[in-house]
$ cat protein03.tsv   # TSV, C-alpha atoms
chain	number	residue	atom	x	y	z
A	1	MET	CA	40.59	41.90	53.47
A	2	ASN	CA	38.07	43.82	51.37
A	3	ARG	CA	34.53	43.95	52.73
A	4	PRO	CA	31.75	43.14	50.19
A	5	ALA	CA	29.88	46.20	48.98
A	6	ALA	CA	26.21	46.77	49.83
A	7	GLY	CA	24.05	44.89	47.35
A	8	ASP	CA	26.81	42.35	46.71
A	9	PRO	CA	25.46	38.80	47.15
A	10	ALA	CA	28.40	37.97	49.42
A	11	ALA	CA	27.48	40.84	51.74
A	12	ASP	CA	23.98	39.46	52.34
A	13	ARG	CA	24.77	35.76	52.52
A	14	ILE	CA	23.79	34.19	55.84
A	15	ALA	CA	23.30	30.61	56.95
A	16	LEU	CA	19.66	29.77	56.30
A	17	GLN	CA	17.82	27.87	58.99
A	18	ALA	CA	14.34	26.38	59.12
A	19	ARG	CA	12.62	27.66	62.27
A	20	ASP	CA	10.05	25.29	63.76
A	21	VAL	CA	7.46	28.02	64.32
A	22	ARG	CA	3.89	27.46	65.42
A	23	PHE	CA	0.83	29.72	65.40
A	24	ASP	CA	-2.45	29.59	67.26
A	25	PHE	CA	-5.32	30.72	65.02
A	26	ALA	CA	-8.12	29.49	67.32
A	27	GLU	CA	-9.47	33.00	67.93
A	28	LEU	CA	-8.71	34.43	64.49
A	29	ARG	CA	-11.54	36.34	62.78
A	30	THR	CA	-12.06	36.19	59.04
A	31	ASP	CA	-11.57	39.97	59.07
A	32	TRP	CA	-8.30	39.70	61.00
A	33	ILE	CA	-7.78	43.35	60.08
A	34	PRO	CA	-10.83	44.49	62.06
A	35	GLY	CA	-13.59	45.88	59.85
A	36	GLU	CA	-11.45	45.33	56.72
A	37	PRO	CA	-12.62	42.07	55.13
A	38	PHE	CA	-11.37	42.95	51.65
A	39	ALA	CA	-7.81	43.69	52.81
A	40	SER	CA	-7.86	40.63	55.07
A	41	HIS	CA	-8.92	38.34	52.25
A	42	LEU	CA	-6.58	39.82	49.68
A	43	ILE	CA	-3.69	38.85	51.95
A	44	ASP	CA	-5.41	35.54	52.80
A	45	VAL	CA	-4.88	34.47	49.19
A	46	LEU	CA	-1.39	33.53	50.35
A	47	HIS	CA	-2.94	30.68	52.34
A	48	LEU	CA	-4.66	29.36	49.22
A	49	LEU	CA	-1.55	29.46	47.03
A	50	LEU	CA	1.40	28.76	49.26
A	51	PRO	CA	0.80	25.35	50.84
A	52	GLU	CA	0.81	23.59	47.46
A	53	GLY	CA	3.07	26.14	45.80
A	54	GLU	CA	5.84	25.91	48.36
A	55	ARG	CA	5.65	22.13	48.45
A	56	TRP	CA	6.28	22.37	44.70
A	57	PHE	CA	9.26	24.66	45.35
A	58	VAL	CA	10.68	22.01	47.70
A	59	GLU	CA	10.18	19.24	45.15
A	60	VAL	CA	11.79	21.16	42.28
A	61	PHE	CA	14.78	22.32	44.33
A	62	SER	CA	15.28	18.83	45.76
A	63	ARG	CA	15.52	17.51	42.20
A	64	ALA	CA	17.90	20.31	41.21
A	65	LEU	CA	20.21	19.91	44.23
A	66	PRO	CA	22.28	17.02	42.79
A	67	MET	CA	23.07	19.24	39.78
A	68	VAL	CA	24.68	21.96	41.93
A	69	ARG	CA	28.47	21.97	41.67
A	70	ASP	CA	29.13	24.76	44.17
A	71	GLU	CA	29.03	23.75	47.84
A	72	ALA	CA	28.06	27.21	49.13
A	73	LEU	CA	25.11	27.32	46.75
A	74	ALA	CA	24.17	23.74	47.65
A	75	GLU	CA	24.11	24.78	51.31
A	76	ASP	CA	21.84	27.72	50.43
A	77	VAL	CA	19.52	25.43	48.44
A	78	ARG	CA	19.24	23.04	51.38
A	79	GLY	CA	18.43	25.97	53.68
A	80	PHE	CA	15.84	27.23	51.20
A	81	ILE	CA	14.20	23.80	51.05
A	82	GLY	CA	13.97	23.65	54.84
A	83	GLN	CA	12.46	27.11	55.17
A	84	GLU	CA	9.94	26.61	52.37
A	85	ALA	CA	8.74	23.33	53.87
A	86	VAL	CA	7.89	25.12	57.12
A	87	HIS	CA	6.22	27.96	55.20
A	88	ALA	CA	3.94	25.46	53.46
A	89	THR	CA	2.96	23.87	56.77
A	90	SER	CA	2.29	27.21	58.46
A	91	HIS	CA	0.07	28.53	55.67
A	92	GLN	CA	-1.75	25.19	55.61
A	93	GLY	CA	-2.68	25.87	59.23
A	94	ALA	CA	-4.15	29.24	58.27
A	95	LEU	CA	-5.98	27.65	55.33
A	96	ASP	CA	-7.44	24.98	57.62
A	97	HIS	CA	-8.68	27.72	59.94
A	98	LEU	CA	-10.45	29.49	57.06
A	99	VAL	CA	-12.23	26.24	56.23
A	100	GLU	CA	-13.21	25.75	59.88
A	101	ALA	CA	-14.60	29.30	59.88
A	102	GLY	CA	-17.00	28.32	57.09
A	103	VAL	CA	-15.14	29.76	54.09
A	104	ASP	CA	-15.48	27.12	51.35
A	105	VAL	CA	-12.29	27.27	49.29
A	106	THR	CA	-12.38	23.71	47.97
A	107	ARG	CA	-12.82	24.56	44.30
A	108	PHE	CA	-10.10	27.19	44.23
A	109	VAL	CA	-7.60	25.04	46.14
A	110	GLU	CA	-8.25	22.14	43.76
A	111	GLN	CA	-7.37	24.43	40.84
A	112	VAL	CA	-4.15	25.45	42.58
A	113	GLU	CA	-3.27	21.81	43.22
A	114	TRP	CA	-3.84	21.02	39.54
A	115	ILE	CA	-1.48	23.81	38.50
A	116	PHE	CA	1.39	22.66	40.68
A	117	LYS	CA	0.91	18.89	40.49
A	118	GLU	CA	-0.21	18.45	36.88
A	119	LEU	CA	0.64	21.53	34.81
A	120	LEU	CA	3.99	22.12	36.53
A	121	GLY	CA	4.73	18.53	37.55
A	122	ASP	CA	7.46	16.26	36.21
A	123	ARG	CA	5.51	15.15	33.11
A	124	GLY	CA	7.33	11.81	33.04
A	125	LEU	CA	10.26	13.23	31.08
A	126	THR	CA	13.75	11.73	31.01
A	127	GLY	CA	17.23	12.73	29.89
A	128	ASP	CA	17.84	16.17	28.38
A	129	ALA	CA	14.12	16.91	28.21
A	130	ALA	CA	13.76	16.33	31.96
A	131	ARG	CA	16.73	18.61	32.69
A	132	GLU	CA	15.36	21.39	30.48
A	133	TRP	CA	11.94	21.19	32.12
A	134	LEU	CA	13.59	21.26	35.55
A	135	VAL	CA	15.59	24.38	34.63
A	136	GLU	CA	12.44	25.99	33.23
A	137	ARG	CA	10.69	25.44	36.55
A	138	VAL	CA	13.66	26.79	38.51
A	139	GLY	CA	13.38	29.92	36.35
A	140	LEU	CA	9.69	30.22	37.20
A	141	ILE	CA	10.46	29.87	40.89
A	142	ALA	CA	13.15	32.57	40.62
A	143	ALA	CA	10.56	34.95	39.15
A	144	ILE	CA	8.01	34.07	41.84
A	145	GLU	CA	10.61	34.44	44.58
A	146	HIS	CA	11.32	37.98	43.41
A	147	PHE	CA	7.68	38.81	44.17
A	148	THR	CA	7.71	37.01	47.53
A	149	ALA	CA	10.84	38.92	48.56
A	150	VAL	CA	9.19	42.21	47.56
A	151	LEU	CA	6.11	41.24	49.56
A	152	GLY	CA	8.33	40.22	52.46
A	153	SER	CA	9.95	43.64	52.53
A	154	TRP	CA	6.51	45.27	52.34
A	155	ILE	CA	5.02	43.34	55.26
A	156	LEU	CA	8.04	44.08	57.45
A	157	ASP	CA	7.41	47.81	56.92
A	158	SER	CA	3.59	47.75	56.99
A	159	ALA	CA	2.95	50.05	59.94
A	160	ALA	CA	-0.61	50.67	58.70
A	161	LEU	CA	-1.54	47.10	59.65
A	162	ASP	CA	-0.41	47.69	63.23
A	163	ALA	CA	-2.37	50.95	63.34
A	164	ALA	CA	-5.46	49.15	62.03
A	165	GLY	CA	-5.29	46.61	64.87
A	166	ALA	CA	-4.41	43.57	62.76
A	167	ASP	CA	-4.44	40.26	64.62
A	168	PRO	CA	-0.99	39.89	66.20
A	169	HIS	CA	-0.73	36.13	65.54
A	170	MET	CA	-1.46	36.54	61.83
A	171	LEU	CA	0.79	39.57	61.58
A	172	ASP	CA	3.63	37.69	63.23
A	173	MET	CA	3.19	34.77	60.84
A	174	LEU	CA	3.26	37.06	57.81
A	175	ARG	CA	6.28	38.98	59.07
A	176	TRP	CA	8.19	35.85	60.08
A	177	HIS	CA	7.52	34.45	56.61
A	178	GLY	CA	8.35	37.77	54.95
A	179	ALA	CA	11.62	38.02	56.85
A	180	GLU	CA	12.66	34.55	55.71
A	181	GLU	CA	11.75	35.44	52.12
A	182	VAL	CA	14.11	38.39	52.38
A	183	GLU	CA	16.74	36.15	54.00
A	184	HIS	CA	16.75	33.67	51.13
A	185	ARG	CA	15.84	36.05	48.28
A	186	ASN	CA	19.07	35.31	46.38
A	187	VAL	CA	18.85	31.52	46.33
A	188	ALA	CA	16.42	30.82	43.48
A	189	HIS	CA	18.09	33.40	41.23
A	190	ASP	CA	21.53	32.03	42.03
A	191	LEU	CA	20.39	28.47	41.37
A	192	TYR	CA	18.90	29.47	38.02
A	193	THR	CA	22.10	31.33	37.09
A	194	HIS	CA	24.16	28.29	38.08
A	195	LEU	CA	22.08	25.91	35.96
A	196	ASP	CA	21.44	28.14	32.93
A	197	GLY	CA	21.40	31.89	33.47
A	198	ARG	CA	20.17	33.04	30.07
A	199	TRP	CA	18.55	36.46	30.31
A	200	LEU	CA	15.84	35.80	27.70
A	201	ARG	CA	14.80	32.61	29.44
A	202	ARG	CA	14.63	34.45	32.77
A	203	ILE	CA	12.44	37.17	31.24
A	204	ARG	CA	10.20	34.56	29.63
A	205	ALA	CA	9.69	33.00	33.05
A	206	MET	CA	8.64	36.38	34.45
A	207	ALA	CA	6.29	36.90	31.47
A	208	VAL	CA	4.54	33.68	32.48
A	209	ALA	CA	4.73	33.93	36.28
A	210	GLY	CA	3.73	37.59	36.63
A	211	PRO	CA	0.36	37.49	34.83
A	212	ALA	CA	-0.44	34.04	36.26
A	213	LEU	CA	0.11	35.26	39.82
A	214	ALA	CA	-1.95	38.39	39.17
A	215	LYS	CA	-4.89	36.35	37.88
A	216	LEU	CA	-4.70	33.87	40.73
A	217	TRP	CA	-4.63	36.71	43.24
A	218	VAL	CA	-7.64	38.46	41.74
A	219	ASP	CA	-9.61	35.23	41.48
A	220	GLY	CA	-8.60	34.17	44.98
A	221	THR	CA	-9.68	37.46	46.55
A	222	ARG	CA	-13.03	37.30	44.78
A	223	HIS	CA	-13.45	33.68	45.87
A	224	LEU	CA	-12.76	34.43	49.53
A	225	CYS	CA	-15.04	37.48	49.68
A	226	ALA	CA	-17.88	35.64	47.93
A	227	ARG	CA	-17.66	32.64	50.26
A	228	ASP	CA	-17.08	34.34	53.60
A	229	PRO	CA	-20.31	33.62	55.53
A	230	HIS	CA	-19.86	36.82	57.53
A	231	LEU	CA	-20.19	38.86	54.33
A	232	ARG	CA	-23.38	37.20	53.12
A	233	GLY	CA	-25.94	39.81	52.10
A	234	THR	CA	-23.46	42.70	52.25
A	235	PRO	CA	-21.86	44.76	49.45
A	236	GLN	CA	-18.46	43.62	50.72
A	237	ARG	CA	-19.13	40.19	49.27
A	238	ARG	CA	-18.10	41.58	45.88
A	239	ALA	CA	-14.38	42.30	45.56
A	240	ARG	CA	-13.87	45.39	43.40
A	241	LEU	CA	-10.89	47.17	41.91
A	242	ARG	CA	-11.80	50.36	43.75
A	243	ASP	CA	-11.57	48.44	47.05
A	244	TYR	CA	-8.03	47.41	46.17
A	245	LEU	CA	-6.98	50.92	45.16
A	246	ARG	CA	-8.52	52.37	48.32
A	247	ASP	CA	-6.84	49.87	50.65
A	248	SER	CA	-3.49	50.17	48.87
A	249	ARG	CA	-3.59	53.95	49.35
A	250	ARG	CA	-4.21	53.34	53.06
A	251	GLY	CA	-1.24	50.98	53.24
A	252	LEU	CA	-3.31	47.93	54.19
A	253	VAL	CA	-2.31	45.97	51.08
A	254	PRO	CA	0.65	46.29	48.69
A	255	GLY	CA	-0.05	48.77	45.92
A	256	PRO	CA	0.15	48.37	42.13
A	257	TRP	CA	3.32	50.44	41.80
A	258	LEU	CA	5.15	48.02	44.10
A	259	PHE	CA	4.52	45.18	41.64
A	260	THR	CA	5.20	47.32	38.57
A	261	ARG	CA	8.55	48.38	39.99
A	262	ALA	CA	9.35	44.75	40.86
A	263	VAL	CA	8.81	43.66	37.26
A	264	LEU	CA	10.76	46.58	35.81
A	265	THR	CA	13.78	45.91	38.01
A	266	TYR	CA	13.69	42.24	37.03
A	267	LEU	CA	14.05	43.11	33.35
A	268	SER	CA	17.59	44.42	33.74
A	269	PRO	CA	20.33	42.04	32.53
A	270	ARG	CA	22.26	43.11	35.65
A	271	PHE	CA	19.44	42.27	38.06
A	272	HIS	CA	20.34	40.47	41.26
A	273	PRO	CA	18.02	40.12	44.29
A	274	ALA	CA	20.78	41.18	46.69
A	275	ALA	CA	20.24	44.78	45.57
A	276	HIS	CA	16.56	44.64	46.54
A	277	GLY	CA	15.69	44.03	50.17
A	278	ASP	CA	17.27	44.57	53.58
A	279	THR	CA	18.75	41.47	55.20
A	280	ASP	CA	19.45	43.39	58.42
A	281	ALA	CA	15.76	44.32	58.74
A	282	ALA	CA	14.75	40.70	58.23
A	283	VAL	CA	17.21	39.41	60.82
A	284	ALA	CA	16.13	42.15	63.25
A	285	TYR	CA	12.49	41.07	63.00
A	286	LEU	CA	13.32	37.40	63.42
A	287	ALA	CA	15.13	38.32	66.64
A	288	VAL	CA	11.90	39.72	68.13
A	289	SER	CA	9.24	37.59	66.40
A	290	PRO	CA	7.19	35.83	69.12
A	291	ALA	CA	6.91	32.67	67.02
A	292	ALA	CA	10.60	32.58	66.09
A	293	ARG	CA	11.65	33.21	69.68
A	294	ALA	CA	9.30	30.49	70.94
A	295	ALA	CA	10.70	28.08	68.36
A	296	GLU	CA	14.23	28.85	69.52
A	297	ALA	CA	13.15	28.24	73.13
A	298	GLY	CA	11.41	24.97	72.29
A	299	HIS	CA	7.89	26.45	72.05
A	300	ALA	CA	7.87	27.43	75.70
A	301	GLY	CA	6.77	31.00	75.00
A	302	PRO	CA	3.40	32.65	74.32
A	303	ALA	CA	3.58	32.09	70.58
A	304	GLY	CA	3.20	28.35	71.10
A	305	GLY	CA	-0.09	26.67	70.31
A	306	SER	CA	-1.44	24.23	67.83
A	307	ALA	CA	1.07	23.41	65.13
A	308	ALA	CA	0.17	25.27	61.99
$ encode --input "protein03.tsv" --output "structure tokens"
Amino acid sequence: MNRPAAGDPAADRIALQARDVRFDFAELRTDWIPGEPFASHLIDVLHLLLPEGERWFVEVFSRALPMVRDEALAEDVRGFIGQEAVHATSHQGALDHLVEAGVDVTRFVEQVEWIFKELLGDRGLTGDAAREWLVERVGLIAAIEHFTAVLGSWILDSAALDAAGADPHMLDMLRWHGAEEVEHRNVAHDLYTHLDGRWLRRIRAMAVAGPALAKLWVDGTRHLCARDPHLRGTPQRRARLRDYLRDSRRGLVPGPWLFTRAVLTYLSPRFHPAAHGDTDAAVAYLAVSPAARAAEAGHAGPAGGSAA
């Protein structure tokens, strides 16, 4: 029997499972990368976007599931839904901790909720119009998932964060999440291809999702720095482009070329996520992740704590 070639979707397909992970953020500092509030908050934007965003992913994919005519893909979609539901809950725990630490993110989170519930909601459509709007949203999710997979690969390889003394609980959460993003990186693209697959429509989705994510990330970083009570009266309260370029050069945050390359690869008519990312590296991290191991053992290990 022929073995699938590297980069072939069949070579990277694994059974997706939702891991019931938990994280204890009780002692987490707002500069969880010690002395690096800008880098900490730039990554913290994930906690502002993902709880509502990933609940939206779950809703859209749940509506699309009955339209899937391939059982292997349907199994992948169900696994994706399970993983994304846990991601939303885990990042909600981190968001709740930011609020408890005195970082007022109410206004920004309300804007994010409006985007996913109102702008990208069902709109009360029926028939062909409802199907087209559903496929459009699946295309948007496929574009977003390309970025999350790229970020997942980056965080798995981010040795600079270890060297900087990043909080181990936060780092484990980000790497567990990143590993699962790499695990299921093919699903949204495969679902979009199954339902529609047109190249121009896929590129249009990226043309919308890419700039929107960039703006949300810039605004979110500024919001967090401006409202962190520990930065009051300091120059660090203003998030600046030079801070981003400095920290990306140091490897503390993903750099601009990473995102540029991600968009350029997506433009190819032959693009498939299987060619971008290392499933073996993701599985290897999940085998040693304190939270994933504790979940497998029934939360008996040191990664247990308050449910995030």
$ atom_distance --input "protein03.tsv" --atom1 "atom CA of Val60 of chain A" --atom2 "atom CA of His223 of chain A"
28.4 Å
$ residues_around --input "protein03.tsv" --residues "Asp280 of chain A" --least-positions-apart "5" --cutoff "10 Å" --atoms "only C-alpha atoms" --output "compact mmCIF listing (two decimals) with C-alpha atoms, in the coordinates of the input"
# COMPACT_ATOMS: atom_id res chain seq x y z
CA ASP A 12 23.98 39.46 52.34
CA ALA A 179 11.62 38.02 56.85
CA VAL A 182 14.11 38.39 52.38
CA GLU A 183 16.74 36.15 54.00
CA TYR A 285 12.49 41.07 63.00
CA LEU A 286 13.32 37.40 63.42
$ closest_residue --input "protein03.tsv" --among "A:Val77, A:Met67, A:Ala262, A:Ile43" --to "Phe147 of chain A" --atoms "all atoms listed in the file"
A:Ala262
$ closest_residue --input "protein03.tsv" --among "A:Phe116, A:Phe25, A:Phe259, A:Trp176" --to "Val86 of chain A" --atoms "all atoms listed in the file"
A:Trp176
$ closest_residue --input "protein03.tsv" --among "A:Ala214, A:Leu156, A:Ala18, A:Ala26" --to "Ala295 of chain A" --atoms "all atoms listed in the file"
A:Ala18
$ closest_residue --input "protein03.tsv" --among "A:Leu28, A:Val150, A:Leu50, A:Ile14" --to "His169 of chain A" --atoms "all atoms listed in the file"
A:Leu28
$ atom_distance --input "protein03.tsv" --atom1 "atom CA of Arg227 of chain A" --atom2 "atom CA of Phe57 of chain A"
28.5 Å
$ residues_near_point --input "protein03.tsv" --point "(-11.1, 27.2, 56.0)" --cutoff "12 Å" --atoms "only C-alpha atoms" --output "short mmCIF file (atom, residue, chain, number, x, y, z; two decimals) with C-alpha atoms, in the coordinates of the input"
data_model
loop_
_atom_site.label_atom_id
_atom_site.label_comp_id
_atom_site.auth_asym_id
_atom_site.auth_seq_id
_atom_site.Cartn_x
_atom_site.Cartn_y
_atom_site.Cartn_z
CA PHE A 25 -5.32 30.72 65.02
CA ALA A 26 -8.12 29.49 67.32
CA LEU A 28 -8.71 34.43 64.49
CA ARG A 29 -11.54 36.34 62.78
CA THR A 30 -12.06 36.19 59.04
CA HIS A 41 -8.92 38.34 52.25
CA ASP A 44 -5.41 35.54 52.80
CA VAL A 45 -4.88 34.47 49.19
CA HIS A 47 -2.94 30.68 52.34
CA LEU A 48 -4.66 29.36 49.22
CA HIS A 91 0.07 28.53 55.67
CA GLN A 92 -1.75 25.19 55.61
CA GLY A 93 -2.68 25.87 59.23
CA ALA A 94 -4.15 29.24 58.27
CA LEU A 95 -5.98 27.65 55.33
CA ASP A 96 -7.44 24.98 57.62
CA HIS A 97 -8.68 27.72 59.94
CA LEU A 98 -10.45 29.49 57.06
CA VAL A 99 -12.23 26.24 56.23
CA GLU A 100 -13.21 25.75 59.88
CA ALA A 101 -14.60 29.30 59.88
CA GLY A 102 -17.00 28.32 57.09
CA VAL A 103 -15.14 29.76 54.09
CA ASP A 104 -15.48 27.12 51.35
CA VAL A 105 -12.29 27.27 49.29
CA THR A 106 -12.38 23.71 47.97
CA PHE A 108 -10.10 27.19 44.23
CA VAL A 109 -7.60 25.04 46.14
CA LEU A 224 -12.76 34.43 49.53
CA ARG A 227 -17.66 32.64 50.26
CA ASP A 228 -17.08 34.34 53.60
CA PRO A 229 -20.31 33.62 55.53
#
$ residues_around --input "protein03.tsv" --residues "Leu49 of chain A" --least-positions-apart "3" --cutoff "9 Å" --atoms "only C-alpha atoms" --output "compact mmCIF listing (two decimals) with C-alpha atoms, keeping the file's coordinate frame"
# COMPACT_ATOMS: atom_id res chain seq x y z
CA VAL A 45 -4.88 34.47 49.19
CA LEU A 46 -1.39 33.53 50.35
CA GLU A 52 0.81 23.59 47.46
CA GLY A 53 3.07 26.14 45.80
CA GLU A 54 5.84 25.91 48.36
CA HIS A 91 0.07 28.53 55.67
CA VAL A 109 -7.60 25.04 46.14
CA VAL A 112 -4.15 25.45 42.58
CA GLU A 113 -3.27 21.81 43.22
CA LEU A 216 -4.70 33.87 40.73
CA TRP A 217 -4.63 36.71 43.24
CA GLY A 220 -8.60 34.17 44.98
$ closest_residue --input "protein03.tsv" --among "A:Glu136, A:Asp219, A:Asp190, A:Glu27" --to "Gln111 of chain A" --atoms "all atoms listed in the file"
A:Asp219
$ closest_residue --input "protein03.tsv" --among "A:Gly79, A:Gly124, A:Gly210, A:Pro256" --to "Ile141 of chain A" --atoms "only C-alpha atoms"
A:Gly210
$ residues_around --input "protein03.tsv" --residues "segment 264-267 of chain A" --least-positions-apart "5" --cutoff "12 Å" --atoms "only C-alpha atoms" --output "PyMOL selection string"
chain A and resi 142-147+150+189+199-207+210+257-259+272-273+275-276
$ atom_distance --input "protein03.tsv" --atom1 "atom CA of Leu42 of chain A" --atom2 "atom CA of Ala209 of chain A"
18.5 Å
$ residues_near_point --input "protein03.tsv" --point "(0.5, 38.7, 65.4)" --cutoff "10 Å" --atoms "all atoms listed in the file" --output "PyMOL selection string"
chain A and resi 23-25+32+162+165-176+289-291+303
$ decode --input "protein03.tsv" --residues "segment 79-146 of chain A" --atoms "C-alpha atoms" --output "compact mmCIF listing (two decimals), in the first residue's frame"
# COMPACT_ATOMS: atom_id res chain seq x y z
CA GLY A 79 -13.67 17.02 16.39
CA PHE A 80 -13.04 20.63 15.40
CA ILE A 81 -16.24 21.74 17.13
CA GLY A 82 -15.23 19.95 20.33
CA GLN A 83 -11.75 21.43 20.39
CA GLU A 84 -12.90 24.96 19.62
CA ALA A 85 -15.50 24.85 22.39
CA VAL A 86 -12.76 24.08 24.93
CA HIS A 87 -10.53 26.80 23.44
CA ALA A 88 -13.28 29.37 23.97
CA THR A 89 -13.74 28.32 27.60
CA SER A 90 -10.01 28.36 28.33
CA HIS A 91 -9.45 31.84 26.89
CA GLN A 92 -12.52 33.06 28.75
CA GLY A 93 -10.73 32.04 31.95
CA ALA A 94 -7.72 34.14 30.98
CA LEU A 95 -10.00 37.05 30.05
CA ASP A 96 -11.76 36.81 33.41
CA HIS A 97 -8.37 36.96 35.13
CA LEU A 98 -7.44 40.14 33.25
CA VAL A 99 -10.66 41.74 34.46
CA GLU A 100 -9.98 40.62 38.03
CA ALA A 101 -6.51 42.18 37.74
CA GLY A 102 -8.12 45.55 37.05
CA VAL A 103 -7.77 45.69 33.26
CA ASP A 104 -11.08 47.12 32.00
CA VAL A 105 -11.76 45.50 28.63
CA THR A 106 -15.54 45.88 28.65
CA ARG A 107 -15.80 48.24 25.70
CA PHE A 108 -13.49 46.25 23.45
CA VAL A 109 -15.13 42.91 24.29
CA GLU A 110 -18.56 44.40 23.56
CA GLN A 111 -17.31 45.40 20.10
CA VAL A 112 -16.03 41.87 19.50
CA GLU A 113 -19.36 40.41 20.61
CA TRP A 114 -21.18 42.71 18.19
CA ILE A 115 -18.99 41.56 15.31
CA PHE A 116 -19.62 37.86 15.88
CA LYS A 117 -23.23 37.97 17.06
CA GLU A 118 -24.66 40.74 14.89
CA LEU A 119 -22.41 41.43 11.90
CA LEU A 120 -21.54 37.76 11.35
CA GLY A 121 -24.70 36.22 12.80
CA ASP A 122 -27.44 34.35 10.95
CA ARG A 123 -29.30 37.50 9.81
CA GLY A 124 -32.62 35.64 9.77
CA LEU A 125 -32.04 34.31 6.25
CA THR A 126 -33.71 31.24 4.79
CA GLY A 127 -33.32 28.96 1.78
CA ASP A 128 -30.54 29.59 -0.74
CA ALA A 129 -29.65 32.92 0.86
CA ALA A 130 -29.05 31.21 4.22
CA ARG A 131 -26.86 28.56 2.59
CA GLU A 132 -24.79 31.16 0.74
CA TRP A 133 -24.26 33.19 3.91
CA LEU A 134 -23.27 30.02 5.76
CA VAL A 135 -20.71 29.13 3.08
CA GLU A 136 -19.40 32.70 3.16
CA ARG A 137 -18.80 32.40 6.89
CA VAL A 138 -17.13 29.01 6.51
CA GLY A 139 -14.77 30.70 4.03
CA LEU A 140 -14.00 33.43 6.56
CA ILE A 141 -13.27 30.82 9.21
CA ALA A 142 -10.96 28.96 6.80
CA ALA A 143 -8.97 32.18 6.30
CA ILE A 144 -8.83 32.86 10.04
CA GLU A 145 -7.83 29.27 10.77
CA HIS A 146 -4.86 29.64 8.45
